[in-house]
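Reviewing the structure listed below.
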Amino acid sequence: MCGRARCTLNPNQVAAACGFTGDGGGRSSVRTVDANRFQPSYNVSPGRYVPVATVRRVNNGENGGNEVEPVVHCMKWGLVPSFTKKNEKPDHYKMFNARSESIKEKASFRRLIPANRCLVAVEGFYEWKKDGSKKQPYYIHFKDDRPLVFAALYDSWSNSDGEVLYTFTILTTRCSTSLEWLHDRMPVVLGSRSCIDLWLDTSNQKFESLLVPYEGLDLVWHPVTSEVGKTSFDGPECIKEIKLKSTARNPISKFFTKKSEGGIKPEKEDLKEADTVSVEKKDKSSDYQSTRVKTEEKSECGDTKKEETNDYGNVKEEMSSFEPKDFYTSEKEKQSPGVKRDFSEVSDLDSLLVKKEKAAKKGDGQVSLLSYFGKK
């Protein structure tokens with residue numbers, strides 16, 4: 001498909017691109033028709049006038065025969081068949097392209113093949129890549145910027161006022177292998193002088209071999225601004241290459257970056273305060289470690305008390321050698337801990353303790369600490 005193109009070539013440049021003039025053309029100039037209607041544009045759309053190259057037979061009175069004359073005729077892009085009603089408003093977007101595979105089947109195109117073949121020369125054309133709901137335009141052209149020559153058909157139509165309007169349609173074919181990623185159709189590009197001559201030779205009805213994709217490696221492309229989609233947008237900005245925004249999502253590694261990256265940077269005062277606090281903590285930890293070392297040295301000397309500092313630097317005292325005796329634990333229970341005792345067993349132990357105290361009083365006559373505090 002081809003719905004937008006760049007054509008800033010004047011009629012003489014179009015004639016040279018189609019081989020009518022210059023090397024091999026045999027002519028210094030060609031006849032032009034309605035050349036004043038053409039306005040060069042970087043964004044040509046259907047309904048605009050474009051220079052079209054064709055050959056017509058003219059009556060030569062001297063020789064009494066017809067001669068083939070090359071002509072550059074400015075026509076409107078978008079075919080209006082001659083059988084269209086005179087009072088009908090022409091729609092140039094209806095037939096601005098014609099599928100080359102079916103031009104022999106449709107009446108609008110079939111009757112034009114014998115005598116109404118033509119060429120359209122442009123510097124490049126635009127095609128849109130669909131990406132979901134979005135469309136990205138690309139500008140396609142030859143690497144050396146020489147004109148592209150398309151195969152086309154033209155027709156004439158008269159309106160109710162008697163005005164004759166010449167219109168044309170560009171033939172399309174399946175897309176080349178290098179452009180399949182972009183679209184499924186492309187214009188029929190006649191890449192050589194021989195192809196151009198065969199297409200314009202109306203006596204040649206075997207032209208199917210010409211209507212194939214152009215596979216040359218010199219056809220290049222690049223993305224352009226989406227403003228090209230507006231018919232009012234024109235100028236060199238239309239073909240300026242742009243950089244496409246990356247559509248890749250954020251990599252998973254981005255979710256594991258440090259908090260400081262892209263975050264709020266701490267101020268210098270906050271950093272100083274943080275350093276001061278860390279130094280104080282280091283001093284306290286060093287004091288604590290030295291105190292623990294002294295405590296361990298005292299305990300190695302056989303002291304019964306063990307000094308230790310808490311988080312605030314105060315000394316705590318713990319009895320290290322004192323182990324309370326369980327007076328209510330029998331030898332049987334020591335061997336089998338976890339056994340419950342009856343009330344009778346506890347009372348027997350109490351009486352046994354009392355007997356031991358009395359025996360101590362009657363012992364060897366020495367005064368015990370218990371007997372001392374028992375006197376009034």
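The way I read the labels, and the way they are meant: chains A, B, ... in the order of the structure tokens, residue 1 as the first residue of every chain, and ligand 1 as the first ligand shown, with later ones counted on from there.
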* Non-local contacts of Ser158 of chain A (9 Å; only C-alpha atoms; under 6 positions in same chain excluded) as a ChimeraX atom specification -> /A:82,84-86,164-166
Would you save the residues of that selection, restricted to N, CA and C atoms, as an mmCIF file, in the first residue's frame?
```cif
data_model
loop_
_atom_site.group_PDB
_atom_site.id
_atom_site.type_symbol
_atom_site.label_atom_id
_atom_site.label_comp_id
_atom_site.auth_asym_id
_atom_site.auth_seq_id
_atom_site.Cartn_x
_atom_site.Cartn_y
_atom_site.Cartn_z
ATOM 1 N N SER A 82 -13.897 6.616 -15.767
ATOM 2 C CA SER A 82 -14.619 7.441 -16.743
ATOM 3 C C SER A 82 -16.118 7.207 -16.707
ATOM 4 N N THR A 84 -17.913 7.062 -14.069
ATOM 5 C CA THR A 84 -18.511 7.689 -12.883
ATOM 6 C C THR A 84 -19.541 8.737 -13.329
ATOM 7 N N LYS A 85 -20.644 8.821 -12.600
ATOM 8 C CA LYS A 85 -21.703 9.779 -12.948
ATOM 9 C C LYS A 85 -21.152 11.198 -12.926
ATOM 10 N N LYS A 86 -21.635 12.019 -13.859
ATOM 11 C CA LYS A 86 -21.126 13.378 -14.020
ATOM 12 C C LYS A 86 -21.405 14.259 -12.803
ATOM 13 N N VAL A 164 -12.724 18.162 -17.850
ATOM 14 C CA VAL A 164 -12.096 16.845 -17.917
ATOM 15 C C VAL A 164 -11.032 16.750 -16.819
ATOM 16 N N LEU A 165 -11.148 15.704 -16.040
ATOM 17 C CA LEU A 165 -10.213 15.483 -14.931
ATOM 18 C C LEU A 165 -9.422 14.200 -15.188
ATOM 19 N N TYR A 166 -8.106 14.326 -15.179
ATOM 20 C CA TYR A 166 -7.225 13.167 -15.333
ATOM 21 C C TYR A 166 -6.766 12.690 -13.943
#
```
* Residues near Ile196 of chain A, cut-off 8 Å, only C-alpha atoms, skip fewer than 5 positions along chain, as a list of chain:residue names -> A:Cys18, A:Leu190, A:Gly191
Take the selection from the previous step and output its residues with all heavy atoms, as a short mmCIF file (atom, residue, chain, number, x, y, z; two decimals), in the first residue's frame.
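The resulting file, part09.cif, is shown below:
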```cif
data_model
loop_
_atom_site.label_atom_id
_atom_site.label_comp_id
_atom_site.auth_asym_id
_atom_site.auth_seq_id
_atom_site.Cartn_x
_atom_site.Cartn_y
_atom_site.Cartn_z
N CYS A 18 12.33 8.76 -15.81
CA CYS A 18 11.62 7.74 -16.57
C CYS A 18 12.32 7.39 -17.88
O CYS A 18 11.82 6.56 -18.66
CB CYS A 18 10.20 8.21 -16.87
SG CYS A 18 9.20 8.47 -15.38
N LEU A 190 9.62 -0.14 -10.62
CA LEU A 190 10.31 -0.53 -11.85
C LEU A 190 11.75 -0.05 -11.74
O LEU A 190 12.07 1.12 -11.93
CB LEU A 190 9.61 0.10 -13.06
CG LEU A 190 8.12 -0.26 -13.21
CD1 LEU A 190 7.48 0.52 -14.35
CD2 LEU A 190 7.93 -1.76 -13.41
N GLY A 191 12.63 -0.99 -11.42
CA GLY A 191 13.99 -0.63 -11.04
C GLY A 191 14.99 -0.47 -12.16
O GLY A 191 16.15 -0.16 -11.89
#
```
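Proximity ranking of A:Arg99, A:Arg111, A:Arg117, A:His73 relative to Leu198 of chain A places A:Arg117 first, based on only C-alpha atoms.
One distance worth recording is that between atom CA of Asp218 of chain A and atom CA of Pro46 of chain A, which is 26.7 Å.
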* **Distance of atom CA of Leu119 of chain A from atom CA of Phe150 of chain A, expressed in Å to one decimal place** =>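 Here the two named atoms are 5.6 Å from each other.
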* **Shell around Phe109 of chain A at 12 Å using only C-alpha atoms, local window under 2 positions removed, as a PyMOL selection string** => chain A and resi 79-83+95-107+111-117+152-155+168-171
* Atom pair atom CA of Phe38 of chain A / atom CA of Pro51 of chain A: separation (Å) -> 7.0 Å
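Shortest separation to His92 of chain A among A:Arg146, A:Arg48, A:Lys206, A:Lys135 occurs at residue A:Arg48, atoms counted being only C-alpha atoms.
Distance check against Met75 of chain A using only C-alpha atoms: of A:Ser176, A:Thr167, A:Gln136, A:Asn87, the minimum falls on A:Thr167.
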* **Distance criterion (only C-alpha atoms): nearest to Asp234 of chain A out of A:Ser41, A:Phe207, A:Asn36, A:Ala17** =>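 Answer, going by the shortest atom-to-atom distance: A:Ser41.
Proximity of A:Leu200, A:Lys243, A:Asp161, A:Tyr126 to Glu69 of chain A, computed with only C-alpha atoms, is greatest for A:Leu200.
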